[in-house]
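Below: the structure, in structure tokens.
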Amino acid sequence: MSTEEQPSCACGETTGGAQPASGATGCLRDEHGQPIPLDPAHVIEDRFFHDDVPPHAVGVVTIPGEMPLTSGECIADVHVAYETWGSLDETGSNAVLVCHALTGDSHVASGEDQPPAGLPKPTGVAPKSSNAHGGEADADGEAYGSPGWWSGLIGPGKAIDTHKYFVICTNVLGGCSGTTGPLSPNPERTQSTIDPASPDDRYGPDFPFINVEDMVEVEFRALDQLGIKHLLAVVGGSLGGMQTLVWAREHPDRVSACMAVATTWHSTPQNIAFDEVGRRAIMHDPRFSDGRYRDEEPPANGLAIARMVGHITYLSDESMDYKFGRRLVGDEREYTFHKEFQVESYLEHQGYKFVDRFDANSYLYLTRAIDYYALGPSLEAVTEEYRDTKVRFLMLSFSSDWLYPTSQLHELAEALSRAQAEVSFAEIEAPNGHDAFLLETKRQSRYAKGFLDANYERDLTQGVGAATPYARRRTKTPDDQDAPDAPAMRGGGADA
Amino acid sequence: MPSQLRADLMDIAMAIPEKSRVLDLGCGDGDLLAYLRDERGCVVRGVEIDEEHVMEAVAQGVPVMRADLDDGLAMYQDQSFDYVVLSMALQEVRHPAALMTEILRVGRHALVSYPNFAHWRVRWYLMLKGRMPVSKHIPYSWHETPSIHHTTIPDFAELVGQVGGVVENSLYLASDSTGESREVHSFPRWRAESVIALVGRPRCEGSGAEGSGARS
């Protein structure tokens with residue numbers, strides 16, 4: 001199904017029988033006010049506590065023509081699969097882009113779980129929703145109406161309230177959940193016969209190398225296509241957090257606020273080292289076949305090991321001790337090398353479960369992009385990059401996250417403060433390691449809600465953002481305030 | 001929106017000119033900064049350690065760093081603020097001298113409020129009972145109090161001098177019989193319960209000196 005052929009506005013269509021009480025505001029419109037077609041089959045009404053549950057839509061947008069990549073290569077006709085919740089308001093001032101993490105996807109909040117249509121969907125790799133790392137928060141076996149990976153934060157009445165905000169989440173470039181990546185048909189190979197299911201016709205290992213900057217550029221162009229000209233906020237954790245920071249650097253005039261969670265200003269040697277172990281495991285799997293493996297025979301062992309290594313970095317010593325201790329699978333030691341400890345069994349389970357939903361080539365390209373990621377060669381350079389930026393930042397780290405420890409984000413917060421940026425920074429106490437950004441919702445919600453609401457108010461007050469100044473909420477203007485004069489202190493007199 | 005600013009914060013707010021760049025150390029829920037931003041057009045930043053307060057400040061749209069004042073102010077450049085506010089927090093930090101040095105590094109002026117430990121009631125309590133005073137203003141016993149560095153008006157001035165600053169002006173306050181805070185005009189060392197001191201760097205007379213003047 002081609003999105004271009006759909007004449008109707010997505011919000012006008014419902015499949016659940018209920019009519020959206022919010023009327024016709026729930027659609028995207030281009031600059032001429034014409035509705036931009038979403039896939040109407042995927043506008044879902046999920047009635048929960050509210051009669052007027054914000055609409056949820058799934059769609060694909062194509063970026064026409066060639067797009068240059070930071071590596072110097074180009075990529076053509078990038079498809080971007082995305083999901084949205086809520087409605088873009090008339091002035092376009094309530095859009096919030098959520099960026100997902102390494103192995104996450106666009107399913108950030110709950111809503112009927114339909115894969116975007118019109119995409120190459122090879123057998124063997126069935127993109128389905130999951131949390132960003134498939135960690136403890138995994139929702140096994142919930143295929144439809146499943147909670148999103150940040151359902152605790154995003155939804156009707158939640159911190160990022162989809163009644164108030166228009167939330168959009170795109171699948172990342174190079175991933176395997178619908179947006180162009182190694183699984184997509186390679187235009188250079190599919191001139192004559194197009195068989196996207198055939199590994200020979202896909203990019204596979206011929207996919208160009210990408211950077212986080214390219215992911216952001218794809219998101220930027222996709223939003224342009226959708227008619228979203230301004231973002232109230234870009235929000236994300238881990239790799240998603242990196243994207244938010246790049247967004248703020250590259251498009252400061254398009255973003256009011258940036259919320260970066262559990263992330264870093266550059267990948268450290270330790271980060272790169274762990275990624276490299278994972279990639280080695282994949283590439284040395286005999287089934288890898290230089291990246292031209294078939295769907296029936298993916299490099300499952302390699303990918304599972306990569307996932308196991310990654311998974312260790314998402315947990316903490318404390319959370320592993322709590323979860324597994326030194327407990328054995330059986331009653332007593334068996335003196336074998338075969339998963340005797342519960343932690344081994346758990347990791348193996350996580351590893352092989354991951355194989356069912358993730359593509360090995362994607363894992364290689366995405367981890368490489370993370371390795372390359374650095375906002376600047378030094379903190380001093382980062383300060384200069386963001387000098388006098390108007391973007392407002394909220395950075396949150398977690399006390400037990402050793403993958404992207406507090407010190408990394410704190411350094412960045414300091415560097416941006418020196419750049420005169422408005423930066424809020426806080427470390428949240430949580431025992432879950434890096435995964436805390438998916439699991440700890442109580443305090444994250446408080447921060448996110450306060451930050452978003454304050455920035456929304458501020459945009460309205462100052463008339464910045466996509467909106468022309470249509471609302472002057474405050475009655476006082478700088479001209480008519482009863483100017484308190486001079487810094488004279490109440491008293492005076494010499495010091496005692 | 002800041003409704004009613006606490007009286008002691010209002011005293012500080014009144015001392016800050018419009019459009020100043022203000023850093024509030026131990027900014028609490030950000031009330032003072034939100035007021036200065038909204039009513040005085042100031043550019044504001046805060047530092048606060050209590051998580052609940054940090055959340056409230058963020059919700060007021062006040063940029064706040066959750067940090068310990070004893071860790072210094074590395075996130076701010078030299079002389080990047082017109083005013084640095086330290087409201088009733090000096091007595092709670094471990095290294096007051098180090099903090100005052102940092103404050104004078106990042107700010108042209110500081111507004112520091114502190115309780116006066118030489119108030120006559122404290123002296124009277126010590127003299128009569130010979131024990132550490134516990135009162136409405138000093139509600140904790142000596143081993144529990146977060147106020148680990150009590151000071152007095154001349155002692156504070158001495159500290160400021162040691163770190164290369166000078167007390168340019170002071171507001172002496174004491175509560176009257178109704179509990180309302182009043183300015184004290186005579187015998188402040190005896191009568192002031194708290195003090196708001198405007199601290200600057202000694203500089204050559206003349207307008208526009210940027211705090212780089214000669215130190216004495």
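Scheme for the structure tokens: letters A, B, ... for chains in order shown; per-chain residue numbers from 1; ligand numbers from 1 in order shown.
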Pick out each residue of region 276-422 of chain A that DSSP on the backbone tags as helix (DSSP H, G or I); I need them as a JSON list (two decimals) with C-alpha atoms, in the first residue's frame.
```
[["chain", "number", "residue", "atom", "x", "y", "z"],
["A", 276, "GLU", "CA", 33.62, -4.43, 19.19],
["A", 277, "VAL", "CA", 33.29, -7.67, 21.16],
["A", 278, "GLY", "CA", 29.69, -7.91, 20.01],
["A", 279, "ARG", "CA", 30.55, -7.23, 16.40],
["A", 280, "ARG", "CA", 33.39, -9.76, 16.44],
["A", 281, "ALA", "CA", 30.99, -12.39, 17.71],
["A", 282, "ILE", "CA", 28.63, -11.67, 14.82],
["A", 283, "MET", "CA", 31.23, -11.46, 12.09],
["A", 286, "PRO", "CA", 30.31, -19.01, 10.25],
["A", 287, "ARG", "CA", 26.78, -18.23, 9.16],
["A", 288, "PHE", "CA", 27.54, -14.53, 8.81],
["A", 289, "SER", "CA", 28.78, -15.10, 5.22],
["A", 290, "ASP", "CA", 30.17, -11.60, 4.91],
["A", 291, "GLY", "CA", 26.77, -10.23, 5.73],
["A", 300, "ALA", "CA", 22.21, -16.48, 15.43],
["A", 301, "ASN", "CA", 25.01, -17.52, 17.75],
["A", 302, "GLY", "CA", 27.05, -14.44, 17.01],
["A", 303, "LEU", "CA", 24.14, -12.09, 17.36],
["A", 304, "ALA", "CA", 23.03, -13.76, 20.59],
["A", 305, "ILE", "CA", 26.51, -13.38, 22.07],
["A", 306, "ALA", "CA", 26.59, -9.74, 21.01],
["A", 307, "ARG", "CA", 23.29, -9.26, 22.75],
["A", 308, "MET", "CA", 24.51, -11.02, 25.88],
["A", 309, "VAL", "CA", 27.52, -8.74, 26.10],
["A", 310, "GLY", "CA", 25.35, -5.72, 25.47],
["A", 311, "HIS", "CA", 22.85, -6.86, 28.03],
["A", 312, "ILE", "CA", 25.47, -7.09, 30.74],
["A", 313, "THR", "CA", 26.30, -3.44, 30.14],
["A", 314, "TYR", "CA", 22.64, -2.50, 30.55],
["A", 317, "ASP", "CA", 26.15, -5.39, 39.63],
["A", 318, "GLU", "CA", 23.43, -4.62, 42.15],
["A", 319, "SER", "CA", 20.53, -5.52, 39.89],
["A", 320, "MET", "CA", 22.19, -8.77, 38.78],
["A", 321, "ASP", "CA", 22.90, -9.70, 42.36],
["A", 322, "TYR", "CA", 19.30, -8.99, 43.28],
["A", 323, "LYS", "CA", 17.91, -10.85, 40.29],
["A", 342, "GLN", "CA", 20.79, -18.65, 36.63],
["A", 343, "VAL", "CA", 22.49, -15.58, 35.25],
["A", 344, "GLU", "CA", 23.89, -17.68, 32.41],
["A", 345, "SER", "CA", 20.50, -19.08, 31.61],
["A", 346, "TYR", "CA", 18.98, -15.62, 31.64],
["A", 347, "LEU", "CA", 21.59, -14.17, 29.32],
["A", 348, "GLU", "CA", 21.23, -17.02, 26.89],
["A", 349, "HIS", "CA", 17.48, -16.57, 26.86],
["A", 350, "GLN", "CA", 17.85, -12.84, 26.20],
["A", 351, "GLY", "CA", 20.44, -13.47, 23.51],
["A", 352, "TYR", "CA", 18.44, -15.91, 21.44],
["A", 353, "LYS", "CA", 15.18, -14.06, 21.92],
["A", 354, "PHE", "CA", 16.89, -11.07, 20.40],
["A", 355, "VAL", "CA", 17.78, -13.00, 17.26],
["A", 360, "ALA", "CA", 22.74, -8.77, 12.59],
["A", 361, "ASN", "CA", 23.82, -6.26, 9.94],
["A", 362, "SER", "CA", 21.71, -3.57, 11.59],
["A", 363, "TYR", "CA", 23.43, -4.35, 14.86],
["A", 364, "LEU", "CA", 26.81, -3.85, 13.22],
["A", 365, "TYR", "CA", 25.92, -0.56, 11.57],
["A", 366, "LEU", "CA", 24.13, 0.93, 14.54],
["A", 367, "THR", "CA", 26.83, 0.06, 17.07],
["A", 368, "ARG", "CA", 29.40, 1.50, 14.67],
["A", 369, "ALA", "CA", 27.44, 4.73, 14.49],
["A", 370, "ILE", "CA", 27.47, 4.82, 18.28],
["A", 371, "ASP", "CA", 31.25, 4.28, 18.29],
["A", 372, "TYR", "CA", 31.73, 7.21, 15.94],
["A", 379, "LEU", "CA", 34.53, 19.45, 26.00],
["A", 380, "GLU", "CA", 35.95, 22.85, 25.11],
["A", 381, "ALA", "CA", 35.00, 22.22, 21.50],
["A", 382, "VAL", "CA", 31.53, 21.13, 22.59],
["A", 383, "THR", "CA", 31.14, 24.37, 24.51],
["A", 384, "GLU", "CA", 31.95, 26.30, 21.34],
["A", 385, "GLU", "CA", 29.57, 24.18, 19.25],
["A", 406, "THR", "CA", 26.67, 10.25, 35.51],
["A", 407, "SER", "CA", 30.09, 11.80, 35.05],
["A", 408, "GLN", "CA", 29.71, 11.74, 31.25],
["A", 409, "LEU", "CA", 26.45, 13.63, 31.16],
["A", 410, "HIS", "CA", 27.48, 15.90, 34.01],
["A", 411, "GLU", "CA", 30.57, 16.94, 32.05],
["A", 412, "LEU", "CA", 28.33, 17.77, 29.14],
["A", 413, "ALA", "CA", 25.91, 19.72, 31.30],
["A", 414, "GLU", "CA", 28.85, 21.73, 32.60],
["A", 415, "ALA", "CA", 30.21, 22.31, 29.10],
["A", 416, "LEU", "CA", 26.83, 23.54, 27.89],
["A", 417, "SER", "CA", 26.40, 25.72, 30.96],
["A", 418, "ARG", "CA", 29.70, 27.35, 30.07]]
```
Quiz prompt | Exercise: Tyr125 (chain B) partners within 12 Å, only C-alpha atoms, chain neighbours under 6 positions left out, as a PyMOL selection string | solution = chain B and resi 117-119+131-135+138
Practice problem: Name all residues at most 10 Å from Ala98 (chain B) (count only C-alpha atoms; drop same-chain ones fewer than 2 positions away) and give them as a PyMOL selection string. | Solution: chain B and resi 69-72+93-96+100-103+163
Export, as a CSV table (one decimal), in the first residue's frame, the selected residues with C-alpha atoms.
```csv
chain,number,residue,atom,x,y,z
B,69,LEU,CA,28.0,23.4,46.5
B,70,ASP,CA,31.1,21.9,48.1
B,71,ASP,CA,32.0,20.4,44.7
B,72,GLY,CA,32.6,23.9,43.3
B,93,VAL,CA,28.6,24.0,53.5
B,94,ARG,CA,31.8,22.2,54.5
B,95,HIS,CA,34.2,24.7,53.0
B,96,PRO,CA,32.8,28.3,53.2
B,100,MET,CA,33.2,32.2,48.6
B,101,THR,CA,36.2,32.1,46.4
B,102,GLU,CA,34.3,30.3,43.7
B,103,ILE,CA,31.4,32.7,44.1
B,163,VAL,CA,39.1,35.5,49.7
```
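Among the candidate residues B:Leu9, B:Cys42, B:Met88, B:Leu159, the one lying nearest to His137 (chain B) is B:Met88, with distances computed using only C-alpha atoms.
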Quiz prompt | Nearest to chain B by atom-to-atom distance, counting only C-alpha atoms, from A:Trp247, A:Ala159, A:Glu332, A:Leu375 | solution = A:Ala159
Would you write out, as a tab-separated table, a table of all residues in chain B that have an atom no more than 9 Å from an atom of chain A, listing for each the closest atom pair and the distance in Å to one decimal, considering only C-alpha atoms and ordering rows by chain and rising residue number?
```
residue	atom	partner	partner_atom	distance
B:Asp11	CA	A:Arg490	CA	7.2
B:Ile12	CA	A:Met489	CA	8.0
B:Ala13	CA	A:Pro487	CA	8.8
B:Met14	CA	A:Pro487	CA	6.3
B:Ala15	CA	A:Pro487	CA	4.3
B:Ile16	CA	A:Pro487	CA	5.1
B:Pro17	CA	A:Pro487	CA	4.9
B:Glu18	CA	A:Ala486	CA	8.2
B:Glu39	CA	A:Gln481	CA	7.7
B:Arg40	CA	A:Ala483	CA	8.0
B:Gly41	CA	A:Pro478	CA	7.9
B:Val44	CA	A:Glu422	CA	8.6
B:Arg45	CA	A:Glu422	CA	7.5
B:Gly46	CA	A:Ser424	CA	8.6
B:Glu51	CA	A:Ala426	CA	8.0
B:Val54	CA	A:Ala426	CA	7.8
B:Met55	CA	A:Tyr447	CA	5.7
B:Glu56	CA	A:Gly450	CA	7.4
B:Ala57	CA	A:Gly450	CA	8.5
B:Val58	CA	A:Phe451	CA	5.6
B:Ala59	CA	A:Gly450	CA	3.7
B:Gln60	CA	A:Ala454	CA	6.0
B:Gly61	CA	A:Ala454	CA	5.0
B:Val62	CA	A:Ser424	CA	7.9
B:Pro63	CA	A:Ser424	CA	4.7
B:Val64	CA	A:Ser424	CA	4.5
B:Met65	CA	A:Phe425	CA	4.7
B:Arg66	CA	A:Ala426	CA	4.9
B:Ala67	CA	A:Ala426	CA	7.8
B:Ala74	CA	A:Glu414	CA	7.1
B:Met75	CA	A:Glu414	CA	4.1
B:Tyr76	CA	A:Arg418	CA	5.3
B:Gln77	CA	A:Arg418	CA	5.8
B:Ser80	CA	A:Gln420	CA	8.6
B:Ile153	CA	A:Ala496	CA	6.9
B:Pro154	CA	A:Ala496	CA	7.0
B:Ala157	CA	A:Asp495	CA	8.5
B:Val167	CA	A:Asp495	CA	7.2
B:Glu168	CA	A:Asp495	CA	7.7
B:Asn169	CA	A:Gly492	CA	6.4
B:Ser170	CA	A:Asp495	CA	6.1
B:Leu171	CA	A:Gly491	CA	5.4
B:Tyr172	CA	A:Gly491	CA	7.7
B:Glu183	CA	A:Gly491	CA	7.0
B:Val184	CA	A:Gly491	CA	8.5
B:His185	CA	A:Gly491	CA	8.1
B:Phe187	CA	A:Ala496	CA	8.1
B:Pro188	CA	A:Ala496	CA	6.8
B:Arg189	CA	A:Ala496	CA	6.7
B:Ala197	CA	A:Asp495	CA	8.9
B:Leu198	CA	A:Met489	CA	8.8
```
Put those residues in a file: N, CA and C atoms, as a compact mmCIF listing (two decimals), in the first residue's frame.
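In the end it all went to out00.txt:
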```
# COMPACT_ATOMS: atom_id res chain seq x y z
N ASP B 11 13.67 40.42 49.82
CA ASP B 11 14.73 41.36 50.17
C ASP B 11 15.92 41.21 49.23
N ILE B 12 16.22 39.95 48.90
CA ILE B 12 17.33 39.71 47.97
C ILE B 12 16.95 40.17 46.57
N ALA B 13 15.72 39.85 46.16
CA ALA B 13 15.28 40.22 44.82
C ALA B 13 15.36 41.72 44.61
N MET B 14 15.01 42.48 45.66
CA MET B 14 15.01 43.92 45.52
C MET B 14 16.40 44.50 45.32
N ALA B 15 17.39 43.72 45.68
CA ALA B 15 18.76 44.21 45.56
C ALA B 15 19.36 43.92 44.19
N ILE B 16 18.59 43.25 43.34
CA ILE B 16 19.15 42.83 42.05
C ILE B 16 18.54 43.66 40.93
N PRO B 17 19.35 44.34 40.16
CA PRO B 17 18.83 45.19 39.08
C PRO B 17 18.22 44.35 37.96
N GLU B 18 17.37 44.99 37.20
CA GLU B 18 16.75 44.31 36.07
C GLU B 18 17.79 43.83 35.08
N GLU B 39 9.65 38.88 36.51
CA GLU B 39 9.33 40.26 36.89
C GLU B 39 10.47 41.23 36.62
N ARG B 40 11.70 40.71 36.58
CA ARG B 40 12.83 41.62 36.43
C ARG B 40 13.61 41.36 35.15
N GLY B 41 13.15 40.43 34.36
CA GLY B 41 13.81 40.16 33.09
C GLY B 41 15.23 39.65 33.23
N VAL B 44 18.58 33.58 34.46
CA VAL B 44 18.77 32.92 35.74
C VAL B 44 19.30 31.49 35.60
N ARG B 45 20.07 31.08 36.59
CA ARG B 45 20.55 29.72 36.72
C ARG B 45 20.50 29.34 38.19
N GLY B 46 20.31 28.04 38.46
CA GLY B 46 20.27 27.61 39.85
C GLY B 46 21.10 26.36 40.09
N GLU B 51 16.49 16.68 45.64
CA GLU B 51 15.84 16.23 44.41
C GLU B 51 14.44 16.83 44.23
N VAL B 54 14.76 20.26 43.06
CA VAL B 54 15.22 20.32 41.67
C VAL B 54 14.05 20.10 40.72
N MET B 55 13.22 19.11 41.05
CA MET B 55 12.06 18.84 40.20
C MET B 55 11.13 20.05 40.13
N GLU B 56 10.93 20.69 41.28
CA GLU B 56 10.03 21.85 41.30
C GLU B 56 10.62 23.01 40.50
N ALA B 57 11.94 23.18 40.61
CA ALA B 57 12.58 24.26 39.85
C ALA B 57 12.46 23.99 38.35
N VAL B 58 12.69 22.74 37.96
CA VAL B 58 12.56 22.38 36.54
C VAL B 58 11.14 22.68 36.06
N ALA B 59 10.17 22.37 36.91
CA ALA B 59 8.78 22.61 36.53
C ALA B 59 8.45 24.10 36.44
N GLN B 60 9.27 24.92 37.08
CA GLN B 60 9.08 26.37 36.93
C GLN B 60 9.86 26.90 35.73
N GLY B 61 10.50 26.00 35.02
CA GLY B 61 11.29 26.42 33.87
C GLY B 61 12.60 27.07 34.25
N VAL B 62 13.03 26.82 35.46
CA VAL B 62 14.31 27.38 35.92
C VAL B 62 15.41 26.36 35.65
N PRO B 63 16.44 26.74 34.91
CA PRO B 63 17.54 25.79 34.68
C PRO B 63 18.29 25.55 35.98
N VAL B 64 18.36 24.31 36.38
CA VAL B 64 18.98 24.01 37.67
C VAL B 64 19.87 22.79 37.55
N MET B 65 21.03 22.89 38.15
CA MET B 65 21.95 21.76 38.19
C MET B 65 21.84 21.12 39.56
N ARG B 66 21.59 19.81 39.57
CA ARG B 66 21.59 19.13 40.86
C ARG B 66 23.03 18.85 41.24
N ALA B 67 23.51 19.57 42.21
CA ALA B 67 24.91 19.45 42.56
C ALA B 67 25.13 19.89 44.00
N ALA B 74 32.48 24.53 38.76
CA ALA B 74 33.25 24.38 37.52
C ALA B 74 32.40 24.60 36.28
N MET B 75 31.08 24.46 36.43
CA MET B 75 30.22 24.59 35.25
C MET B 75 30.00 26.04 34.85
N TYR B 76 30.55 26.97 35.58
CA TYR B 76 30.34 28.36 35.21
C TYR B 76 31.67 29.06 34.99
N GLN B 77 31.68 29.88 33.97
CA GLN B 77 32.91 30.57 33.61
C GLN B 77 33.15 31.77 34.52
N SER B 80 30.84 35.22 34.90
CA SER B 80 29.75 35.05 33.96
C SER B 80 28.40 35.44 34.56
N ILE B 153 28.82 38.87 62.17
CA ILE B 153 29.02 39.93 61.18
C ILE B 153 30.51 40.22 60.93
N PRO B 154 31.29 40.45 61.96
CA PRO B 154 32.72 40.70 61.69
C PRO B 154 33.45 39.47 61.17
N ALA B 157 32.77 39.24 57.49
CA ALA B 157 33.54 40.27 56.77
C ALA B 157 35.00 39.85 56.64
N VAL B 167 32.80 43.46 51.65
CA VAL B 167 31.37 43.62 51.91
C VAL B 167 31.00 45.06 51.58
N GLU B 168 30.22 45.24 50.54
CA GLU B 168 29.93 46.59 50.07
C GLU B 168 28.73 47.20 50.78
N ASN B 169 27.85 46.34 51.21
CA ASN B 169 26.63 46.84 51.82
C ASN B 169 26.01 45.69 52.59
N SER B 170 25.25 46.02 53.63
CA SER B 170 24.59 44.96 54.39
C SER B 170 23.20 45.39 54.80
N LEU B 171 22.35 44.43 54.83
CA LEU B 171 20.99 44.66 55.33
C LEU B 171 20.83 43.79 56.57
N TYR B 172 20.54 44.44 57.72
CA TYR B 172 20.44 43.71 58.98
C TYR B 172 18.97 43.52 59.30
N GLU B 183 14.04 45.82 59.42
CA GLU B 183 15.44 46.22 59.31
C GLU B 183 15.93 46.75 60.65
N VAL B 184 17.15 46.41 60.99
CA VAL B 184 17.77 46.87 62.23
C VAL B 184 18.74 47.99 61.90
N HIS B 185 18.62 49.12 62.59
CA HIS B 185 19.47 50.26 62.25
C HIS B 185 20.60 50.48 63.24
N PHE B 187 23.12 48.98 66.45
CA PHE B 187 23.74 47.81 67.09
C PHE B 187 23.45 46.51 66.35
N PRO B 188 23.73 46.48 65.06
CA PRO B 188 23.38 45.27 64.30
C PRO B 188 24.08 44.02 64.79
N ARG B 189 25.30 44.18 65.30
CA ARG B 189 26.01 42.97 65.74
C ARG B 189 25.25 42.29 66.88
N ALA B 197 24.28 40.30 52.90
CA ALA B 197 25.47 41.09 52.58
C ALA B 197 25.67 41.15 51.08
N LEU B 198 25.93 42.34 50.59
CA LEU B 198 26.31 42.51 49.19
C LEU B 198 27.83 42.50 49.14
```
